[in-house]
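Have a look at the structure below, then the notes.
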Amino acid sequence: MVETLKITDLHVATEGKPILRGVNLEIKRGEVHALMGPNGSGKSTLGYAIMGHPSYEVTHGSITLDGADVLSMEPNERARAGIFLAFQRPMSIPGVKMADFLRHAATNVRRPNRKEGEELIPMREFRKELNAKMDQLRMDKEFTRRYVNDGFSGGEMKRAEILQLAMLRPKFAILDETDSGLDVDAVRLASQSIADIGGKAMGILIITHHEHLLEHNRPDFTHVMLGGRIVETGGPELAIELHKQGYDRIRAAYPGAAADEAAMKDQAETVASH
Amino acid sequence: MAEVTTSLGFNREAFDAFLQSRGEPSWLRDQRCEAWAKFEELPLPSQKDEEWSRTDIRLFRLDRFGFPADRPAGARLADGLLTHRVELGGQVTAWDSHPHSARLNEKWARRGVLFGSLDELAAEHGDLVRSHLFRAVDAHYDKFAALHAAAWSGGTLLYVPRGVVIDEPLHMLSVISPGAADLGHALVILEDGAEATLLAETASLSEQSPGLHCGAVELLLGPGARMRYVNLQNWATGVWHFAHQKALVDRGAALQWTIAALGSRLAKVNQHVALVGRGAGAQVNGVMFTEGKQHLSYHTLQHHEAPSCKSDLLYKSALQDVSRTVWRGMIKVDPAAQKTDGYQRNDNLMLSDHARSDSIPGLEILADDVRCTHGSTTGRVDDEQIFYARCRGLTRKEAVRMVVAGFFQQVFDRITIDSVREALGEAIGRRIREYD
Ligand SMILES: Nc1ncnc2c1ncn2[C@@H]1O[C@H](COP(=O)(O)OP(=O)(O)O)[C@@H](O)[C@H]1O
Ligand SMILES: [Mg+2]
């Protein structure tokens, strides 16, 4: 049976206020899913909840990976189980070289039972693989000697996320706006790279506002999120429609979710203005 | 482990017996007696004193400690942290302020280098020691300085004659037993154009045991000399650590001075660098990691006395549990010290909500053509950073360790001795606890 990441009636709140209101989504390994939706609809929240961000409380529902309860796992256990999130806004870790960080990450993910302090992937082997991946992504070698995301441009951060994806080879990847901050050529390269990495080996959830990233990763399914719910699911043509025409049709068709969206926006603005 | 038999209390009777037992030349006896008079006259510092306002020593009982008694008998001391995979040019060890062992590579000895116990070398090279001892440190500065000047023993002397370049690190290890006192004095003399690297370590024989360190360091660099001096204190968490440390850096000389502090219950250290000749330079590095109830207080002074000198200080501390650090730094520029380039910076990383660090930079500038800057930051380990690293498969602890290592990287990059960087990195890594 194909490995499956299954999200059932997921409700998530942060700081006590509900954000996701019953998300259902099933991703099989080998499938590409696009997730679209206006800003603030809850797309990043879904990614965080899948990884176990401590600020996002799951108030109801379940996430399973091949039947195993993901919600009871620590974030690092989820990573080692084969789930990967490319962050919309990656964090910088000054003083820690990209290569060191990645070597720890790759070792942990490939040897899920590794205890801290146990050996890392041998340096030479790791270097060789890293260099090959960087060639493939047309990245400058100097990149890995820099500190993790420290002083990176928006585009460099996104490419660093793709490099991590390539090195960690997860079963399931959530790419949260991995195309933003990249110019058109860079998005094409990213799109191609993701296809090369992923192929049939990964289940991918691509969160995007554009269609370029989908160019080489033709979605099997396109989902639309509004007000913390997936309100509509279609094929690749739905992504194209939303990209061209925006979300007015969706809001009109799902007035309940649109009302929730409006309420969330008001709340966010009230919080911001304080 | 058996406690060392020490007659407790630094009193007149004990001091007389100490003097008697040493049979030193009169200049040294006189120096000790003058300091003793000062020691008796001065009160213990208290929080009423500006310099001690953030450092509370009310629980410190001087009468719990005394002059070093008999030379402790026994086995080899541990090797220390800084010597792994290092080809040493020589090593001096001391135990409870007694000389324990000394060796120096024959090729350096032949070129006139002296490296050994200050006790023993002061007897053989009286004139040399006499002309330098307490040239830098003020023996009457406060009660601890006076006690040290009156009662120092053991210690280390490094003397490098004119033009001799020692290209192997030298190592010094000073260890105390539970309840004992270390009043060692490190005297380093580099003549014109001489070069050396000295790794100095202090430690306790057992963890958590009490102890007293009342010490001094003097680094005397002649014109054009170059020195790297590393001081790692790794005492047990029961040790009281009071020290006066000062370097005099002459014309065109360069000093790299790294202080690493991991141990002690309470530390109050004055670290002064005086740039006394044109074009002298000093780089000062501080690496501190504190935990439990430790309190480490460092007062640094970069004193520009001559023109065209450069000083660059970077202190970094990471604090765990309810520990506390105080850094009070001053760059002082004399009227004669035009073209001064002075910098000081202190960064603190809080690993707990209950730790506290005070960071007080200061400038006192009496020349007009200078560049002096300072900065300090205090931050905490960012939960978002930790989450990001955990999403890449790192455990929380591994992630915290990585963030802390990254925090220290900037100062490690400046420390040009691999074994020191590695030892500090590992020692700090081991101390980082599991957090929720
Ligand atoms: N950490 C947080 N604290 C408070 N509100 C949050 C937080 N994260 C997200 N939100 C709110 O949740 C809603 C959904 O945000 P998000 O998941 O980032 O949306 P999207 O990625 O679709 O743009 C927004 O209203 C946002 O303000
Ligand atoms: Mg988002």
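Convention: chains lettered A, B, ... in structure tokens order; per-chain residue numbering from 1; ligands numbered from 1 as shown.
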Compile the contact shell of region 220-225 of chain B as a PyMOL selection string: residues with an atom at most 7 Å away, counting only C-alpha atoms, same-chain residues fewer than 3 positions apart removed. chain B and resi 188-195+247-254
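Inspection of the environment of ligand 2, which uses only C-alpha atoms and all ligand atoms and a cut-off of 10 Å, identifies the neighbouring residues as Gly37, Pro38, Asn39, Gly40, Ser41, Gly42, Lys43, Ser44, Thr45, Leu46, Gly47, Tyr48, Phe87, Gln88, Arg89, Asp176, Glu177, Ile207 and Thr208 of chain A.
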Selection file, N, CA and C atoms, as a PDB file, in the first residue's frame:
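Result file out_22.pdb:
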ATOM      1  N   GLY A  37      -4.906  29.806  -1.739  1.00  0.00           N
ATOM      2  CA  GLY A  37      -5.855  30.488  -0.857  1.00  0.00           C
ATOM      3  C   GLY A  37      -5.322  31.856  -0.538  1.00  0.00           C
ATOM      4  N   PRO A  38      -6.238  32.793  -0.233  1.00  0.00           N
ATOM      5  CA  PRO A  38      -5.779  34.158   0.059  1.00  0.00           C
ATOM      6  C   PRO A  38      -4.880  34.202   1.289  1.00  0.00           C
ATOM      7  N   ASN A  39      -4.127  35.286   1.408  1.00  0.00           N
ATOM      8  CA  ASN A  39      -3.291  35.493   2.594  1.00  0.00           C
ATOM      9  C   ASN A  39      -4.135  35.410   3.848  1.00  0.00           C
ATOM     10  N   GLY A  40      -3.610  34.768   4.846  1.00  0.00           N
ATOM     11  CA  GLY A  40      -4.305  34.703   6.124  1.00  0.00           C
ATOM     12  C   GLY A  40      -5.336  33.600   6.200  1.00  0.00           C
ATOM     13  N   SER A  41      -5.430  32.752   5.170  1.00  0.00           N
ATOM     14  CA  SER A  41      -6.466  31.717   5.203  1.00  0.00           C
ATOM     15  C   SER A  41      -6.053  30.514   6.046  1.00  0.00           C
ATOM     16  N   GLY A  42      -4.749  30.407   6.380  1.00  0.00           N
ATOM     17  CA  GLY A  42      -4.326  29.326   7.284  1.00  0.00           C
ATOM     18  C   GLY A  42      -3.372  28.314   6.669  1.00  0.00           C
ATOM     19  N   LYS A  43      -2.818  28.619   5.504  1.00  0.00           N
ATOM     20  CA  LYS A  43      -1.951  27.662   4.806  1.00  0.00           C
ATOM     21  C   LYS A  43      -0.677  27.372   5.608  1.00  0.00           C
ATOM     22  N   SER A  44      -0.012  28.439   6.057  1.00  0.00           N
ATOM     23  CA  SER A  44       1.217  28.222   6.841  1.00  0.00           C
ATOM     24  C   SER A  44       0.916  27.526   8.157  1.00  0.00           C
ATOM     25  N   THR A  45      -0.227  27.863   8.718  1.00  0.00           N
ATOM     26  CA  THR A  45      -0.621  27.234   9.974  1.00  0.00           C
ATOM     27  C   THR A  45      -0.730  25.718   9.804  1.00  0.00           C
ATOM     28  N   LEU A  46      -1.262  25.304   8.666  1.00  0.00           N
ATOM     29  CA  LEU A  46      -1.360  23.869   8.399  1.00  0.00           C
ATOM     30  C   LEU A  46       0.038  23.233   8.385  1.00  0.00           C
ATOM     31  N   GLY A  47       0.983  23.910   7.718  1.00  0.00           N
ATOM     32  CA  GLY A  47       2.363  23.405   7.682  1.00  0.00           C
ATOM     33  C   GLY A  47       2.960  23.295   9.079  1.00  0.00           C
ATOM     34  N   TYR A  48       2.764  24.342   9.874  1.00  0.00           N
ATOM     35  CA  TYR A  48       3.300  24.324  11.241  1.00  0.00           C
ATOM     36  C   TYR A  48       2.671  23.207  12.071  1.00  0.00           C
ATOM     37  N   PHE A  87      10.233  26.285   4.974  1.00  0.00           N
ATOM     38  CA  PHE A  87       9.581  27.401   5.661  1.00  0.00           C
ATOM     39  C   PHE A  87       9.310  28.568   4.712  1.00  0.00           C
ATOM     40  N   GLN A  88       8.167  29.197   4.944  1.00  0.00           N
ATOM     41  CA  GLN A  88       7.901  30.446   4.232  1.00  0.00           C
ATOM     42  C   GLN A  88       8.929  31.496   4.654  1.00  0.00           C
ATOM     43  N   ARG A  89       9.221  31.536   5.947  1.00  0.00           N
ATOM     44  CA  ARG A  89      10.270  32.433   6.464  1.00  0.00           C
ATOM     45  C   ARG A  89      11.254  31.627   7.300  1.00  0.00           C
ATOM     46  N   ASP A 176       6.247  25.790   1.575  1.00  0.00           N
ATOM     47  CA  ASP A 176       5.415  26.947   1.878  1.00  0.00           C
ATOM     48  C   ASP A 176       5.960  28.182   1.160  1.00  0.00           C
ATOM     49  N   GLU A 177       5.329  28.510   0.067  1.00  0.00           N
ATOM     50  CA  GLU A 177       5.725  29.666  -0.754  1.00  0.00           C
ATOM     51  C   GLU A 177       7.229  29.668  -1.050  1.00  0.00           C
ATOM     52  N   ILE A 207       2.474  24.993  -1.452  1.00  0.00           N
ATOM     53  CA  ILE A 207       1.682  26.186  -1.155  1.00  0.00           C
ATOM     54  C   ILE A 207       2.236  27.306  -2.026  1.00  0.00           C
ATOM     55  N   THR A 208       1.378  27.860  -2.863  1.00  0.00           N
ATOM     56  CA  THR A 208       1.899  28.875  -3.788  1.00  0.00           C
ATOM     57  C   THR A 208       0.797  29.806  -4.247  1.00  0.00           C
TER      58      THR A 208
END
DSSP says strand (DSSP E or B) for which residues of region 15-48 of chain A? Put them as a PyMOL selection string? chain A and resi 17-28+32-36
Contact set, chain B to chain A: 12 Å, only C-alpha atoms, as an mmCIF file with C-alpha atoms, in the first residue's frame:
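Wrote it out as part_22.cif, contents follow:
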data_model
loop_
_atom_site.group_PDB
_atom_site.id
_atom_site.type_symbol
_atom_site.label_atom_id
_atom_site.label_comp_id
_atom_site.auth_asym_id
_atom_site.auth_seq_id
_atom_site.Cartn_x
_atom_site.Cartn_y
_atom_site.Cartn_z
ATOM 1 C CA VAL B 381 17.743 31.355 22.657
ATOM 2 C CA ASP B 382 14.939 31.929 20.210
ATOM 3 C CA ASP B 383 12.168 29.293 20.236
ATOM 4 C CA GLU B 384 11.640 29.778 16.506
ATOM 5 C CA GLN B 385 15.292 28.940 15.842
ATOM 6 C CA ILE B 386 14.968 25.820 17.944
ATOM 7 C CA PHE B 387 11.784 24.786 16.169
ATOM 8 C CA TYR B 388 13.419 25.296 12.802
ATOM 9 C CA ALA B 389 16.350 23.083 13.764
ATOM 10 C CA ARG B 390 14.026 20.448 15.213
ATOM 11 C CA CYS B 391 12.135 20.356 11.918
ATOM 12 C CA ARG B 392 15.462 19.253 10.465
ATOM 13 C CA GLY B 393 15.661 16.300 12.828
ATOM 14 C CA LEU B 394 17.773 17.829 15.600
ATOM 15 C CA THR B 395 16.674 17.119 19.148
ATOM 16 C CA ARG B 396 15.915 20.109 21.290
ATOM 17 C CA LYS B 397 19.175 19.694 23.152
ATOM 18 C CA GLU B 398 21.158 19.320 19.968
ATOM 19 C CA ALA B 399 19.464 22.423 18.620
ATOM 20 C CA VAL B 400 20.220 24.449 21.742
ATOM 21 C CA ARG B 401 23.823 23.259 21.619
ATOM 22 C CA MET B 402 24.066 24.342 18.041
ATOM 23 C CA VAL B 403 22.638 27.781 18.736
ATOM 24 C CA VAL B 404 25.033 28.203 21.675
ATOM 25 C CA ALA B 405 27.995 27.026 19.590
ATOM 26 C CA GLY B 406 26.964 29.522 16.950
ATOM 27 C CA PHE B 407 26.803 32.240 19.568
ATOM 28 C CA PHE B 408 30.413 31.572 20.585
ATOM 29 C CA GLN B 409 31.658 31.086 17.025
ATOM 30 C CA GLN B 410 32.589 34.723 16.584
ATOM 31 C CA VAL B 411 34.949 34.628 19.532
ATOM 32 C CA PHE B 412 36.204 31.139 18.644
ATOM 33 C CA ASP B 413 37.080 32.468 15.199
ATOM 34 C CA GLU B 426 33.259 20.502 23.919
ATOM 35 C CA GLY B 429 28.490 21.511 24.850
ATOM 36 C CA ARG B 430 28.649 19.033 27.723
ATOM 37 C CA GLU B 434 17.763 19.552 28.494
ATOM 38 C CA ASP B 436 11.446 22.319 27.845
#
Region 140-354 of chain B: residues DSSP assigns to alpha helix (DSSP H), reported as a ChimeraX atom specification: /B:143-151
Got time to write the residues from that selection, all heavy atoms, as a PDB file, in the first residue's frame?
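Result file out22.pdb:
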ATOM      1  N   LYS B 143      42.178  44.240  49.536  1.00  0.00           N
ATOM      2  CA  LYS B 143      42.575  43.236  50.512  1.00  0.00           C
ATOM      3  C   LYS B 143      43.057  41.945  49.846  1.00  0.00           C
ATOM      4  O   LYS B 143      43.994  41.302  50.316  1.00  0.00           O
ATOM      5  CB  LYS B 143      41.414  42.941  51.470  1.00  0.00           C
ATOM      6  CG  LYS B 143      41.839  42.209  52.743  1.00  0.00           C
ATOM      7  CD  LYS B 143      40.689  42.091  53.727  1.00  0.00           C
ATOM      8  CE  LYS B 143      41.113  41.436  55.034  1.00  0.00           C
ATOM      9  NZ  LYS B 143      41.889  42.357  55.909  1.00  0.00           N
ATOM     10  N   PHE B 144      42.420  41.589  48.741  1.00  0.00           N
ATOM     11  CA  PHE B 144      42.811  40.341  48.070  1.00  0.00           C
ATOM     12  C   PHE B 144      44.174  40.479  47.396  1.00  0.00           C
ATOM     13  O   PHE B 144      44.995  39.565  47.442  1.00  0.00           O
ATOM     14  CB  PHE B 144      41.749  39.918  47.058  1.00  0.00           C
ATOM     15  CG  PHE B 144      40.463  39.492  47.704  1.00  0.00           C
ATOM     16  CD1 PHE B 144      39.315  40.265  47.586  1.00  0.00           C
ATOM     17  CD2 PHE B 144      40.410  38.322  48.449  1.00  0.00           C
ATOM     18  CE1 PHE B 144      38.129  39.880  48.192  1.00  0.00           C
ATOM     19  CE2 PHE B 144      39.223  37.928  49.068  1.00  0.00           C
ATOM     20  CZ  PHE B 144      38.078  38.717  48.939  1.00  0.00           C
ATOM     21  N   ALA B 145      44.406  41.643  46.778  1.00  0.00           N
ATOM     22  CA  ALA B 145      45.708  41.869  46.146  1.00  0.00           C
ATOM     23  C   ALA B 145      46.802  41.829  47.202  1.00  0.00           C
ATOM     24  O   ALA B 145      47.875  41.241  46.998  1.00  0.00           O
ATOM     25  CB  ALA B 145      45.713  43.206  45.409  1.00  0.00           C
ATOM     26  N   ALA B 146      46.543  42.432  48.343  1.00  0.00           N
ATOM     27  CA  ALA B 146      47.537  42.484  49.412  1.00  0.00           C
ATOM     28  C   ALA B 146      47.791  41.086  49.983  1.00  0.00           C
ATOM     29  O   ALA B 146      48.938  40.703  50.225  1.00  0.00           O
ATOM     30  CB  ALA B 146      47.076  43.438  50.509  1.00  0.00           C
ATOM     31  N   LEU B 147      46.715  40.334  50.175  1.00  0.00           N
ATOM     32  CA  LEU B 147      46.890  38.965  50.680  1.00  0.00           C
ATOM     33  C   LEU B 147      47.732  38.149  49.698  1.00  0.00           C
ATOM     34  O   LEU B 147      48.656  37.424  50.089  1.00  0.00           O
ATOM     35  CB  LEU B 147      45.526  38.297  50.889  1.00  0.00           C
ATOM     36  CG  LEU B 147      45.586  36.814  51.289  1.00  0.00           C
ATOM     37  CD1 LEU B 147      46.300  36.638  52.630  1.00  0.00           C
ATOM     38  CD2 LEU B 147      44.183  36.203  51.352  1.00  0.00           C
ATOM     39  N   HIS B 148      47.406  38.308  48.451  1.00  0.00           N
ATOM     40  CA  HIS B 148      48.170  37.574  47.439  1.00  0.00           C
ATOM     41  C   HIS B 148      49.651  37.950  47.470  1.00  0.00           C
ATOM     42  O   HIS B 148      50.530  37.085  47.462  1.00  0.00           O
ATOM     43  CB  HIS B 148      47.592  37.824  46.044  1.00  0.00           C
ATOM     44  CG  HIS B 148      48.465  37.284  44.955  1.00  0.00           C
ATOM     45  ND1 HIS B 148      48.453  35.962  44.592  1.00  0.00           N
ATOM     46  CD2 HIS B 148      49.428  37.878  44.209  1.00  0.00           C
ATOM     47  CE1 HIS B 148      49.369  35.754  43.652  1.00  0.00           C
ATOM     48  NE2 HIS B 148      49.970  36.904  43.397  1.00  0.00           N
ATOM     49  N   ALA B 149      49.914  39.246  47.536  1.00  0.00           N
ATOM     50  CA  ALA B 149      51.312  39.700  47.499  1.00  0.00           C
ATOM     51  C   ALA B 149      52.079  39.236  48.735  1.00  0.00           C
ATOM     52  O   ALA B 149      53.276  38.958  48.669  1.00  0.00           O
ATOM     53  CB  ALA B 149      51.357  41.219  47.378  1.00  0.00           C
ATOM     54  N   ALA B 150      51.371  39.125  49.851  1.00  0.00           N
ATOM     55  CA  ALA B 150      52.032  38.677  51.074  1.00  0.00           C
ATOM     56  C   ALA B 150      52.238  37.161  51.074  1.00  0.00           C
ATOM     57  O   ALA B 150      53.239  36.659  51.572  1.00  0.00           O
ATOM     58  CB  ALA B 150      51.198  39.088  52.284  1.00  0.00           C
ATOM     59  N   ALA B 151      51.314  36.454  50.521  1.00  0.00           N
ATOM     60  CA  ALA B 151      51.263  35.008  50.768  1.00  0.00           C
ATOM     61  C   ALA B 151      51.398  34.145  49.521  1.00  0.00           C
ATOM     62  O   ALA B 151      51.244  32.929  49.604  1.00  0.00           O
ATOM     63  CB  ALA B 151      49.942  34.674  51.471  1.00  0.00           C
TER      64      ALA B 151
END
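Here CA of Ser177 (chain B) is placed at a distance of 24.0 Å from CA of Asp16 (chain B).
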